[in-house]
Structure formats: C-alpha cells, structure tokens
file model_7.txt (compact mmCIF, C-alpha atoms)
# COMPACT_ATOMS: atom_id res chain seq x y z
CA MET A 30 165.13 84.43 99.60
CA PRO A 31 161.40 84.17 98.79
CA LEU A 32 160.07 81.36 96.64
CA PRO A 33 160.20 82.10 92.88
CA THR A 34 156.69 83.47 92.36
CA GLY A 35 156.48 82.82 88.61
CA ASN A 36 157.50 79.17 88.91
CA VAL A 37 155.25 78.40 91.90
CA ILE A 38 152.26 79.90 90.09
CA GLY A 39 153.42 78.24 86.88
CA LEU A 40 153.46 74.83 88.55
CA MET A 41 149.84 75.23 89.63
CA VAL A 42 148.75 76.67 86.27
CA ASP A 43 150.42 73.79 84.40
CA ASN A 44 148.53 71.35 86.62
CA LEU A 45 145.24 73.14 86.03
CA LYS A 46 145.71 73.12 82.26
CA LYS A 47 146.94 69.55 82.01
CA ARG A 48 145.31 67.78 84.98
CA LYS A 49 142.25 70.03 85.55
CA THR A 50 143.20 70.80 89.15
CA VAL A 51 145.93 72.92 90.78
CA PHE A 52 147.07 70.00 92.88
CA PRO A 53 146.45 66.59 91.40
CA ILE A 54 144.83 63.94 93.58
CA SER A 55 143.17 60.84 92.23
CA ARG A 56 139.44 61.07 91.57
CA ARG A 57 139.01 57.85 93.54
CA LYS A 58 140.36 59.56 96.66
CA ALA A 59 138.38 62.74 96.01
CA ILE A 60 135.03 60.92 96.08
CA LYS A 61 135.80 58.52 98.92
CA TRP A 62 133.92 60.72 101.42
CA ALA A 63 130.61 59.77 99.74
CA GLU A 64 130.95 56.04 100.32
CA GLU A 65 127.79 54.42 101.74
CA LEU A 66 125.89 57.71 101.88
CA ASP A 67 123.68 56.62 98.96
CA ILE A 68 123.82 59.99 97.22
CA PRO A 69 122.34 59.67 93.71
CA GLU A 70 124.58 60.42 90.73
CA GLY A 71 123.73 63.74 89.04
CA GLY A 72 120.37 65.49 89.27
CA GLU A 73 119.11 69.07 88.97
CA THR A 74 120.52 69.96 92.39
CA VAL A 75 123.97 68.64 93.30
CA ILE A 76 126.42 69.10 96.15
CA TYR A 77 129.56 70.66 94.66
CA THR A 78 132.71 70.12 96.72
CA GLY A 79 135.13 71.63 94.18
CA SER A 80 137.66 69.31 95.85
CA MET A 81 138.72 72.03 98.28
CA TYR A 82 138.34 69.93 101.45
CA GLN A 83 139.90 66.93 99.68
CA LEU A 84 142.89 68.99 98.47
CA LEU A 85 143.68 70.66 101.78
CA PRO A 86 145.62 67.80 103.43
CA TYR A 87 147.88 67.72 100.35
CA MET A 88 148.30 71.50 100.38
CA VAL A 89 149.15 71.45 104.10
CA ALA A 90 151.90 68.93 103.39
CA ALA A 91 153.16 70.91 100.39
CA VAL A 92 153.20 74.19 102.29
CA LYS A 93 155.28 72.59 105.06
CA ASN A 94 157.84 71.51 102.49
CA MET A 95 157.75 74.87 100.70
CA GLY A 96 158.21 76.60 104.06
CA LEU A 97 161.35 74.56 104.64
CA ILE A 98 162.88 75.69 101.35
CA GLU A 99 161.48 79.24 101.38
CA ASP A 100 164.70 80.85 102.56
CA SER A 101 167.14 78.31 101.22
CA PHE A 102 168.90 77.86 97.88
CA LEU A 103 166.57 74.90 97.24
CA GLY A 104 163.78 77.37 96.44
CA GLN A 105 165.48 77.96 93.12
CA PHE A 106 164.82 74.35 92.13
CA VAL A 107 161.07 74.94 91.94
CA GLY A 108 161.69 75.81 88.29
CA VAL A 109 163.31 72.43 87.68
CA GLY A 110 160.35 70.74 89.39
CA ARG A 111 157.98 72.69 87.18
CA PHE A 112 159.82 71.54 84.04
CA PHE A 113 159.45 67.85 84.94
CA ASN A 114 155.91 68.35 86.28
CA ARG A 115 154.75 69.06 82.73
CA MET A 116 155.58 65.45 81.86
CA PHE A 117 154.68 63.58 85.03
CA ASN A 118 153.02 64.43 88.31
CA VAL A 119 155.88 65.88 90.41
CA SER A 120 153.36 67.57 92.73
CA ALA A 121 152.56 64.17 94.22
CA PHE A 122 156.13 63.97 95.57
CA ILE A 123 156.01 67.50 97.00
CA ALA A 124 152.93 66.67 99.07
CA ARG A 125 152.43 63.49 101.07
CA PRO A 126 149.63 64.19 103.54
CA SER A 127 149.15 62.52 106.90
CA ARG A 128 146.45 59.84 106.85
CA ALA A 129 144.82 61.43 109.88
CA ASN A 130 144.44 64.72 108.01
CA VAL A 131 143.01 63.04 104.91
CA LYS A 132 140.40 61.31 107.08
CA ARG A 133 139.63 64.48 109.07
CA TYR A 134 138.83 66.53 105.95
CA ARG A 135 136.93 63.64 104.37
CA GLN A 136 134.77 63.37 107.50
CA ILE A 137 133.88 67.07 107.26
CA ILE A 138 132.32 66.55 103.83
CA ARG A 139 130.45 63.49 105.16
CA ASN A 140 129.13 65.59 108.04
CA ILE A 141 127.93 68.30 105.64
CA ALA A 142 126.12 65.72 103.50
CA MET A 143 124.54 64.16 106.62
CA LEU A 144 123.33 67.59 107.79
CA LEU A 145 121.72 68.26 104.42
CA LYS A 146 120.01 64.86 104.49
CA GLN A 147 118.83 65.45 108.04
CA ALA A 148 117.31 68.76 106.90
CA GLY A 149 115.41 66.91 104.17
CA VAL A 150 117.34 68.48 101.30
CA GLU A 151 117.45 66.36 98.16
CA PHE A 152 120.68 66.46 96.21
CA GLY A 153 122.91 64.42 93.94
CA TYR A 154 126.65 64.38 93.33
CA LEU A 155 128.72 64.30 90.16
CA TYR A 156 131.26 61.92 91.72
CA LYS A 157 134.38 61.46 89.53
CA LYS A 158 133.17 64.00 86.99
CA GLU A 159 133.24 66.93 89.43
CA LEU A 160 135.99 69.49 88.72
CA TYR A 161 137.99 72.01 90.73
CA ALA A 162 136.45 75.48 90.31
CA GLY A 163 139.76 77.36 89.80
CA ALA A 164 139.82 79.75 92.78
CA LEU A 165 143.58 79.68 93.31
CA ALA A 166 144.33 80.37 89.63
CA TYR A 167 141.88 83.27 89.69
CA ASP A 168 143.33 84.80 92.85
CA LEU A 169 146.86 84.56 91.47
CA GLY A 170 145.81 86.29 88.26
CA ALA A 171 146.27 83.28 85.97
CA ASP A 172 143.23 84.35 84.00
CA GLY A 173 143.89 82.30 80.85
CA ALA A 174 143.97 78.96 82.68
CA PHE A 175 141.08 80.05 84.92
CA ARG A 176 138.80 80.86 81.99
CA ILE A 177 139.47 77.48 80.40
CA GLN A 178 138.64 75.74 83.69
CA ALA A 179 135.49 77.81 84.30
CA GLN A 180 134.18 76.87 80.85
CA ARG A 181 134.97 73.20 81.52
CA VAL A 182 132.97 73.35 84.76
CA TYR A 183 130.01 75.12 83.14
CA ASP A 184 129.96 72.67 80.21
CA LEU A 185 130.01 69.79 82.68
CA LEU A 186 127.04 71.21 84.60
CA LYS A 187 125.02 71.82 81.44
CA GLU A 188 125.86 68.39 80.06
CA HIS A 189 124.40 66.79 83.19
CA GLY A 190 121.34 69.03 83.41
CA VAL A 191 122.44 70.62 86.68
CA ARG A 192 120.51 73.78 87.57
CA SER A 193 121.40 74.35 91.16
CA LEU A 194 124.55 73.81 93.24
CA ILE A 195 125.04 73.39 96.97
CA THR A 196 128.63 74.43 97.65
CA ILE A 197 130.56 73.56 100.79
CA ASP A 198 133.37 76.12 101.00
CA PRO A 199 133.52 79.91 100.51
CA HIS A 200 136.05 79.98 97.66
CA THR A 201 134.11 77.58 95.44
CA THR A 202 130.90 79.44 96.33
CA ASN A 203 132.46 82.75 95.29
CA MET A 204 133.79 81.37 92.00
CA LEU A 205 130.57 79.64 90.96
CA ARG A 206 128.17 82.31 92.20
CA SER A 207 129.93 85.65 91.67
CA VAL A 208 132.92 85.19 89.32
CA TYR A 209 131.66 82.74 86.68
CA PRO A 210 128.73 85.00 85.68
CA THR A 211 131.24 87.75 84.82
CA ILE A 212 133.12 85.58 82.33
CA ILE A 213 130.58 83.08 80.97
CA ASP A 214 127.79 84.43 78.77
CA GLY A 215 124.34 83.25 79.80
CA TYR A 216 125.53 81.63 83.04
CA ASP A 217 122.35 80.37 84.68
CA ILE A 218 123.33 78.15 87.60
CA GLU A 219 121.85 78.90 91.02
CA VAL A 220 124.48 78.60 93.76
CA LYS A 221 123.99 78.43 97.51
CA SER A 222 126.34 77.46 100.27
CA TYR A 223 125.17 74.54 102.43
CA ILE A 224 125.26 76.97 105.38
CA GLU A 225 122.65 79.15 103.65
CA VAL A 226 120.60 76.08 102.67
CA LEU A 227 120.59 74.72 106.23
CA ALA A 228 119.81 78.12 107.77
CA ALA A 229 116.78 78.50 105.48
CA SER A 230 115.54 74.99 106.24
CA ASN A 231 112.91 74.26 108.87
CA GLY A 232 113.77 70.59 108.85
CA LEU A 233 116.79 70.85 111.09
CA GLN A 234 116.03 70.57 114.79
CA PRO A 235 118.50 69.71 117.57
CA LEU A 236 118.37 66.11 118.78
CA HIS A 237 120.84 66.59 121.60
CA ASN A 238 121.23 69.16 124.31
CA ILE A 239 124.49 71.02 123.92
CA GLU A 240 125.93 73.63 126.22
CA LYS A 241 129.15 74.99 124.86
CA GLU A 242 130.57 78.39 123.96
CA ILE A 243 131.85 78.55 120.41
CA THR A 244 133.88 81.40 118.93
CA VAL A 245 133.02 82.11 115.30
CA HIS A 246 135.85 82.79 112.86
CA ASP A 247 134.30 84.40 109.77
CA SER A 248 135.95 83.61 106.46
CA CYS A 249 136.89 86.78 104.51
CA VAL A 250 135.28 85.35 101.39
CA TYR A 251 131.99 84.35 103.00
CA SER A 252 131.64 87.58 104.97
CA ARG A 253 133.08 90.27 102.70
CA TYR A 254 132.63 88.73 99.24
CA GLU A 255 129.41 86.75 99.67
CA GLY A 256 127.62 88.36 102.63
CA VAL A 257 127.24 85.07 104.51
CA ILE A 258 127.41 86.38 108.08
CA GLU A 259 124.21 85.71 110.03
CA GLU A 260 123.56 82.15 108.81
CA PRO A 261 126.42 80.37 110.64
CA ARG A 262 125.56 82.18 113.88
CA GLN A 263 121.89 81.33 113.50
CA LEU A 264 122.72 77.65 112.95
CA LEU A 265 125.06 77.45 115.94
CA ARG A 266 122.45 79.06 118.19
CA ARG A 267 119.73 76.77 116.86
CA ALA A 268 122.04 73.84 117.68
CA GLY A 269 122.26 75.08 121.28
CA TYR A 270 125.70 76.68 121.28
CA THR A 271 126.46 80.08 122.76
CA VAL A 272 128.16 82.18 120.10
CA LYS A 273 131.25 84.17 121.13
CA GLU A 274 132.74 86.88 118.92
CA PRO A 275 136.47 87.59 118.53
CA GLU A 276 137.75 91.17 118.39
CA ASP A 277 137.54 91.36 114.57
CA ASN A 278 134.33 89.72 113.42
CA ARG A 279 131.55 89.61 110.84
CA ASP A 280 132.37 91.82 107.80
CA LEU A 281 135.41 93.15 109.65
CA THR A 282 136.87 89.70 110.28
CA HIS A 283 140.65 89.17 110.40
CA CYS A 284 142.17 87.06 107.63
CA CYS A 285 143.77 83.72 108.63
CA GLY A 286 146.76 84.30 106.32
CA GLY A 287 145.93 81.26 104.16
CA PRO A 288 145.63 83.05 100.81
CA ILE A 289 149.39 83.73 100.62
CA GLU A 290 150.45 80.36 101.98
CA SER A 291 151.51 78.93 98.65
CA LEU A 292 153.93 81.82 97.98
CA PHE A 293 154.89 83.13 101.44
CA PRO A 294 154.37 80.31 103.98
CA LYS A 295 156.19 82.00 106.87
CA MET A 296 154.35 85.28 106.49
CA ALA A 297 151.03 83.41 106.32
CA HIS A 298 151.93 81.72 109.60
CA GLN A 299 152.51 85.13 111.25
CA ILE A 300 149.10 86.44 110.12
CA GLY A 301 147.50 83.23 111.40
CA GLY A 302 149.25 83.78 114.74
CA LYS A 303 147.71 87.25 115.09
CA ARG A 304 144.24 85.84 114.44
CA VAL A 305 144.77 82.95 116.84
CA GLN A 306 145.51 85.45 119.60
CA GLN A 307 142.20 87.23 118.93
CA LEU A 308 140.39 83.88 118.98
CA LYS A 309 142.05 82.93 122.28
CA ASN A 310 141.02 86.25 123.80
CA ALA A 311 137.36 85.50 122.96
CA ASN A 312 137.52 82.72 125.59
CA GLY A 313 135.25 80.26 123.82
CA GLN A 314 135.52 76.51 124.40
CA GLY A 315 136.00 75.91 120.71
CA VAL A 316 136.48 77.81 117.43
CA ALA A 317 134.24 77.23 114.41
CA THR A 318 135.68 77.85 110.93
CA MET A 319 133.78 77.68 107.64
CA CYS A 320 136.62 77.34 105.18
CA PRO A 321 139.16 74.50 104.86
CA ILE A 322 141.99 76.98 104.29
CA CYS A 323 141.11 78.94 107.45
CA MET A 324 140.92 75.72 109.45
CA ALA A 325 144.29 74.44 108.27
CA THR A 326 146.08 77.78 108.69
CA LEU A 327 144.66 78.51 112.14
CA LYS A 328 145.28 74.96 113.39
CA GLU A 329 148.88 75.27 112.28
CA ALA A 330 149.28 78.68 113.95
CA SER A 331 147.59 77.64 117.21
CA ASP A 332 149.91 74.68 117.91
CA GLY A 333 147.02 72.71 119.39
CA GLU A 334 146.18 75.34 122.03
CA LEU A 335 142.66 75.87 120.66
CA GLU A 336 139.98 73.39 119.63
CA ILE A 337 139.54 74.55 116.06
CA ASP A 338 137.10 72.65 113.89
CA ASP A 339 134.85 73.11 110.91
CA ILE A 340 131.40 74.46 111.80
CA SER A 341 129.81 71.30 110.38
CA SER A 342 131.61 69.20 113.01
CA PHE A 343 129.90 71.23 115.75
CA LEU A 344 126.51 71.19 114.01
CA VAL A 345 126.46 67.46 113.35
CA LYS A 346 126.83 66.79 117.10
CA ALA A 347 123.54 68.56 117.74
CA PHE A 348 121.49 67.83 114.66
CA CYS A 349 122.39 64.27 113.66
CA GLU A 350 121.72 60.99 115.42
CA VAL A 351 124.90 59.21 114.52
CA GLU A 352 128.11 61.12 114.67
CA GLU A 353 130.75 59.44 112.59
CA LYS A 354 134.28 59.91 113.75
CA PRO A 355 137.41 59.24 111.72
CA LYS A 356 138.89 55.87 112.57
CA LYS A 357 142.33 55.86 114.13
CA LYS A 358 145.31 54.93 111.99
CA MET B 15 163.47 120.40 90.66
CA VAL B 16 163.12 117.20 88.66
CA THR B 17 166.14 114.98 89.21
CA ALA B 18 165.16 111.85 87.33
CA MET B 19 162.81 111.04 84.52
CA ALA B 20 160.28 108.29 85.09
CA LYS B 21 159.71 105.93 82.18
CA VAL B 22 156.05 105.96 81.20
CA ASN B 23 154.51 103.01 79.39
CA PRO B 24 151.09 104.07 78.06
CA ASP B 25 150.48 100.52 76.90
CA PHE B 26 150.84 99.22 80.48
CA LYS B 27 148.21 101.61 81.76
CA LYS B 28 145.94 100.67 78.88
CA LYS B 29 146.34 96.91 79.40
CA VAL B 30 145.66 97.08 83.13
CA THR B 31 142.90 99.66 83.12
CA THR B 32 140.87 99.11 79.96
CA SER B 33 138.76 96.41 81.56
CA GLY B 34 136.70 99.28 82.94
CA GLU B 35 136.95 97.72 86.38
CA PHE B 36 140.22 99.28 87.47
CA ASN B 37 138.59 102.16 89.38
CA ALA B 38 141.53 103.56 91.34
CA THR B 39 140.93 107.14 90.13
CA ALA B 40 138.41 107.58 92.94
CA CYS B 41 141.14 107.09 95.59
CA MET B 42 141.48 110.19 97.79
CA ASP B 43 144.71 109.02 99.42
CA CYS B 44 143.04 109.00 102.85
CA GLY B 45 145.12 106.06 104.07
CA VAL B 46 142.40 104.01 105.77
CA CYS B 47 143.34 101.00 103.59
CA THR B 48 146.89 101.11 104.90
CA ALA B 49 145.74 101.55 108.50
CA VAL B 50 143.52 98.44 108.48
CA CYS B 51 145.71 96.12 106.38
CA PRO B 52 146.42 92.91 108.37
CA MET B 53 149.65 92.53 106.38
CA GLU B 54 150.66 96.06 107.40
CA ILE B 55 151.63 96.74 103.80
CA ASP B 56 152.19 100.49 103.67
CA LEU B 57 152.62 100.70 99.93
CA LEU B 58 149.38 99.16 98.88
CA PRO B 59 147.19 100.31 97.40
CA ARG B 60 147.71 104.03 97.34
CA LYS B 61 151.04 104.40 95.56
CA LEU B 62 150.68 101.27 93.53
CA PHE B 63 147.46 102.35 91.88
CA ARG B 64 148.84 105.84 91.28
CA TYR B 65 151.88 104.33 89.52
CA THR B 66 149.52 102.28 87.38
CA LEU B 67 147.36 105.24 86.41
CA LEU B 68 150.52 107.14 85.45
CA GLY B 69 151.76 104.23 83.32
CA LEU B 70 154.88 103.72 85.47
CA GLU B 71 155.28 100.02 84.75
CA ASP B 72 158.84 99.80 86.13
CA LYS B 73 157.72 101.26 89.46
CA VAL B 74 154.88 98.77 89.71
CA LEU B 75 157.10 95.81 88.84
CA GLU B 76 159.64 96.89 91.46
CA HIS B 77 156.94 95.95 93.96
CA GLN B 78 156.00 92.63 92.44
CA GLN B 79 156.48 90.77 95.72
CA VAL B 80 154.13 93.13 97.56
CA ILE B 81 151.48 92.61 94.88
CA TYR B 82 151.51 88.88 95.60
CA GLN B 83 151.65 89.38 99.38
CA CYS B 84 148.19 90.97 99.38
CA LEU B 85 145.70 88.55 100.97
CA LEU B 86 142.78 89.81 98.82
CA CYS B 87 140.92 89.73 102.13
CA LYS B 88 139.07 93.01 101.35
CA MET B 89 139.52 94.44 104.85
CA CYS B 90 140.70 97.64 103.10
CA GLU B 91 137.85 97.57 100.63
CA VAL B 92 135.01 97.44 103.15
CA ASN B 93 136.61 100.41 104.91
CA CYS B 94 137.34 102.41 101.74
CA THR B 95 135.55 105.76 101.75
CA ALA B 96 135.74 106.05 97.95
CA ASP B 97 134.41 102.58 97.02
CA VAL B 98 137.59 101.59 95.21
CA HIS B 99 137.61 97.90 94.22
CA ILE B 100 140.99 97.44 95.82
CA ALA B 101 141.18 93.63 95.80
CA GLU B 102 140.05 93.40 92.19
CA ASN B 103 142.56 96.08 91.20
CA VAL B 104 145.37 94.08 92.79
CA ARG B 105 144.14 91.01 90.96
CA PHE B 106 144.28 92.94 87.67
CA LEU B 107 147.95 93.73 88.34
CA ARG B 108 148.61 90.03 89.03
CA SER B 109 146.82 89.14 85.84
CA TYR B 110 149.08 91.55 83.91
CA ILE B 111 152.25 90.13 85.51
CA SER B 112 151.13 86.52 84.95
CA LYS B 113 150.57 87.18 81.27
CA GLU B 114 153.30 89.65 80.38
CA ILE B 115 156.12 88.70 82.77
CA PHE B 116 155.58 85.05 83.68
CA LYS B 117 154.15 84.23 80.23
CA LEU B 118 151.45 82.01 81.75

call {"tool": "encode", "arguments": {"input": "model_7.txt", "output": "structure tokens"}}
result
Amino acid sequence: MPLPTGNVIGLMVDNLKKRKTVFPISRRKAIKWAEELDIPEGGETVIYTGSMYQLLPYMVAAVKNMGLIEDSFLGQFVGVGRFFNRMFNVSAFIARPSRANVKRYRQIIRNIAMLLKQAGVEFGYLYKKELYAGALAYDLGADGAFRIQAQRVYDLLKEHGVRSLITIDPHTTNMLRSVYPTIIDGYDIEVKSYIEVLAASNGLQPLHNIEKEITVHDSCVYSRYEGVIEEPRQLLRRAGYTVKEPEDNRDLTHCCGGPIESLFPKMAHQIGGKRVQQLKNANGQGVATMCPICMATLKEASDGELEIDDISSFLVKAFCEVEEKPKKK
Amino acid sequence: MVTAMAKVNPDFKKKVTTSGEFNATACMDCGVCTAVCPMEIDLLPRKLFRYTLLGLEDKVLEHQQVIYQCLLCKMCEVNCTADVHIAENVRFLRSYISKEIFKL
C-alpha cells in the first residue's frame, strides 16, 4: 500500500508553517559549514543555501525509513505522527542521519564558498536568519504554505538590504529566480547560481594539473527550468577534466527520481537505477552532479559502483590550494 | 451508444483552469509526452488534462496517485509540439487536491 499522500504532504506543510522549513534541523547545525571561513554577515550580495544541502542527510535517513513502511500497515500511522508533530518535532525521530553524510554535505557548501572566494567574488551570508525557500511545498501543490514562506523570505531579504543572491542548488535557484517573481509584486532580487557566477568569472584558474574523465549528470531543474547547461561543462573543462556525456544529456537529461522520493521511495529508486545505468555506460571515471537531491538519489541507486560527487568537489581539487576533506568519525 | 453518464463539475474546471496558465487546450493528442516519460506513465498528461477541461473531477481524482507520481522533470514539456505547460498543469491539479481534498 502506498504512503498516505495527504498526511505525508501535511506533515511537511505543518512543519513549513510552524517551523519555517519542511524538515526541521537546528539553525546551529545549518550554519556550521561556514565556520572559520570569515564570511561577513549580510551585505548586498549573499550566498543563499536555502538549507537544501544541509537538509539532505536528514531526508536520506527519512526516506529510508519511509521506504521500509511504504508497503506495510505502518504507513497508516503517518497520520498519527502528523497529529503529534503539530505539538512537538516528531520529524526529528523519523530522520537520524549518519554523521558521515552530514559532514559530506557540509563540506560541499564549504567547497562552493571556497571556490567563490578563489574567484574573487565578494559575498556575505545571513547565517541563522536564512530560510528554506519552499521548493518541496511548491512542487507538491501546497500553495498556501508556499506563499507564506516566499513572503517571509522576501521580507527577510529586504530587511537586510540584500539585492543579489548566489544560490547553490537548482531548486532554490528556480524558486528565488523564476517562481517568486510570479507571486510577489515588485520582486526585485537578482539571482544567480554559483555555477553561473564562477563560469562568468575570469578569476578562476586551475592550480593543479588534472587528467580525469568526468560524466556530467544534468539536473532537470537547472537544464530544463533554468537553462544552466553550458556553464558546468565549461567549468569542468577549464579545471582540466574531460567531459563525458551520458545517453540522455543537456536539456534532454534523465531525471534521477528524487522528486517523488518523499511519496514513492521505491519507485524513485527504480528511476535512479535507470539513470545510473546510463551514467555507467558513459564510461567516465567519475560522475558530477549539481543538485543535492540528484547526488543522494543516484548514490543510493548506484550501490557504490560509481564515484558520484557534487561538481564543486571536482572543481575545488583543481582551482583551490587547500582541499578540505571531511574528518573521519 | 452512451452507457453511463459522467458527472461534470463546472466548478472544478473553473478552479483549476481560471489561473490562465492551464493551457492544455493546445494538446493535439500526439503522444510524444507519453513516449518520453521516464516514469512510463501512459495516462499523463493527455487524458488527465482532457478530463479536467471537461470538468470530470471524479475521473481526475481516480488518478490521484498518478498525479503525485509525476516527477515534474519536464522531459515531456521540452518535447511537446504544442507548447503545453505540462509540468505546471500537473502542479495546478496538485494544488487543487491539496486545497480541496487534503484541506492543507
């Protein structure tokens, strides 16, 4: 029996309304990636994480648990969980991420910030004040909760004099650049993905010689919603990598399955498996993703048979002097 | 010969389509969307949008699970010969269900 759609969406919508994020994590943990990077607080241009990379380890853990109950009678108890979640944070019990995953995703954001610094880009960060942009609520059609959240985000940006955002994932980019202007009158925030910012920058030159073939997995949202197609390829080539293309690529890329993971975990895994096969057939020595959801879904579906990593992890090896690696447990 | 009457809900059609963005009328039923769908969903979007335009709410709700199985990946949309905003149309149906059925 599939998971009860209304209650699963309801759980996330309740969280968004009450806790300002679909999956509550502490603000302290969400900003930990920025430690010792000396990023100024606020400013006209800020990096906007939207908490997507920080949330993913928790979502991965939750999806595993949801997958276990998807076809069992326990799925019916999601409604009970939702009832109690309104009073206290039940979601925290559903998702206990591995420490290694938390560190891995945190390191990706650090790498992105280091790349921007290396390129000479000046930016600030809103730290604990930053809010989730609402992509999941929007995709699931929870428009009421989404509109409230979008207004909260816009008010926050205006309150802090922010004019320009550097986003780090495709879903937050799409919300802030293409969806918010359709629902907020006078929306005037300039939004660029860090991939676009780096590609347009002359300040980024390779410091190390790299010879490796990397297969590019385009995110549906970057390629078909936002037209970000050439920039990641250009950056990889500039870094010294040879770019390999899978069977479905660019604006005809194959979805990773991630968007339906919260409601249909097993089906999402099957879609991911199909894409993994295409990526294997491309015969690259590694696969570069640009979206935390793609990375998590494809890693899960590949069972460790492919080296799948965020594009920033490949870029930092070429463009930055010090590569920081997550410490072992 | 008509064997069964379909229940039409004009209000349903109005609520889903009045945004001005639900542009499924351009669909020519060519089937490219179905052919390229990574989910291999054969219902979406051809029949589903037709049901909506006809106000057949019950028929649409029968396929609620399929509506949420769509990846919104837009593989169909970039291949659509009639420029139908397929992903956004599916999202409109979700929005209707969220509000009217799930009371969110």

call {"tool": "residues_around", "arguments": {"input": "model_7.txt", "residues": "Gly287 of chain A", "least_positions_apart": "4", "cutoff": "8 Å", "atoms": "only C-alpha atoms", "output": "list in words"}}
result
Ala297, Gly301, Ile322, Cys323 and Thr326 of chain A; Leu85 of chain B

call {"tool": "write_last_selection", "arguments": {"input": "model_7.txt", "atoms": "C-alpha atoms", "output": "CSV table (one decimal), in the frame of the given file"}}
result
chain,number,residue,atom,x,y,z
A,297,ALA,CA,151.0,83.4,106.3
A,301,GLY,CA,147.5,83.2,111.4
A,322,ILE,CA,142.0,77.0,104.3
A,323,CYS,CA,141.1,78.9,107.4
A,326,THR,CA,146.1,77.8,108.7
B,85,LEU,CA,145.7,88.6,101.0

call {"tool": "interface_residues", "arguments": {"input": "model_7.txt", "of": "chain A", "to": "chain B", "cutoff": "10 Å", "atoms": "only C-alpha atoms", "output": "VMD selection string"}}
result
chain A and resid 31 33 to 36 38 to 39 42 to 43 166 to 174 248 to 250 252 to 254 280 to 290 292 to 293 296 to 297 299 to 300 303 to 304

call {"tool": "atom_distance", "arguments": {"input": "model_7.txt", "atom1": "atom CA of Ala40 of chain B", "atom2": "atom CA of Asp247 of chain A"}}
result
28.9 Å

call {"tool": "residues_around", "arguments": {"input": "model_7.txt", "residues": "Phe63 of chain B", "least_positions_apart": "5", "cutoff": "10 Å", "atoms": "all atoms listed in the file", "output": "list in words"}}
result
Phe36, Asn37, Ala38, Thr39, Cys41, Leu57, Leu58, Leu68, Gly69, Leu70, Val74, Ile100, Asn103, Val104 and Leu107 of chain B

call {"tool": "atom_distance", "arguments": {"input": "model_7.txt", "atom1": "atom CA of Leu84 of chain A", "atom2": "atom CA of Asn203 of chain A"}}
result
17.6 Å

call {"tool": "closest_residue", "arguments": {"input": "model_7.txt", "among": "A:Pro321, A:Pro235, A:Gly315, A:Pro294", "to": "Ala347 of chain A", "atoms": "all atoms listed in the file"}}
result
A:Pro235

call {"tool": "closest_residue", "arguments": {"input": "model_7.txt", "among": "A:Glu188, A:Glu70, A:Asp198, A:Glu65", "to": "Gln83 of chain A", "atoms": "all atoms listed in the file"}}
result
A:Asp198

call {"tool": "atom_distance", "arguments": {"input": "model_7.txt", "atom1": "atom CA of Leu185 of chain A", "atom2": "atom CA of Met319 of chain A"}}
result
26.4 Å

call {"tool": "residues_around", "arguments": {"input": "model_7.txt", "residues": "Lys61 of chain A", "least_positions_apart": "3", "cutoff": "10 Å", "atoms": "only C-alpha atoms", "output": "list in words"}}
result
Arg56, Arg57, Lys58, Glu64, Glu65, Gln83, Lys132, Arg135, Gln136, Arg139, Tyr156 and Lys157 of chain A

call {"tool": "residues_around", "arguments": {"input": "model_7.txt", "residues": "Tyr161 of chain A", "least_positions_apart": "6", "cutoff": "6 Å", "atoms": "only C-alpha atoms", "output": "short mmCIF file (atom, residue, chain, number, x, y, z; two decimals) with C-alpha atoms, keeping the file's coordinate frame"}}
result
data_model
loop_
_atom_site.label_atom_id
_atom_site.label_comp_id
_atom_site.auth_asym_id
_atom_site.auth_seq_id
_atom_site.Cartn_x
_atom_site.Cartn_y
_atom_site.Cartn_z
CA THR A 50 143.20 70.80 89.15
CA GLY A 79 135.13 71.63 94.18
CA SER A 80 137.66 69.31 95.85
#
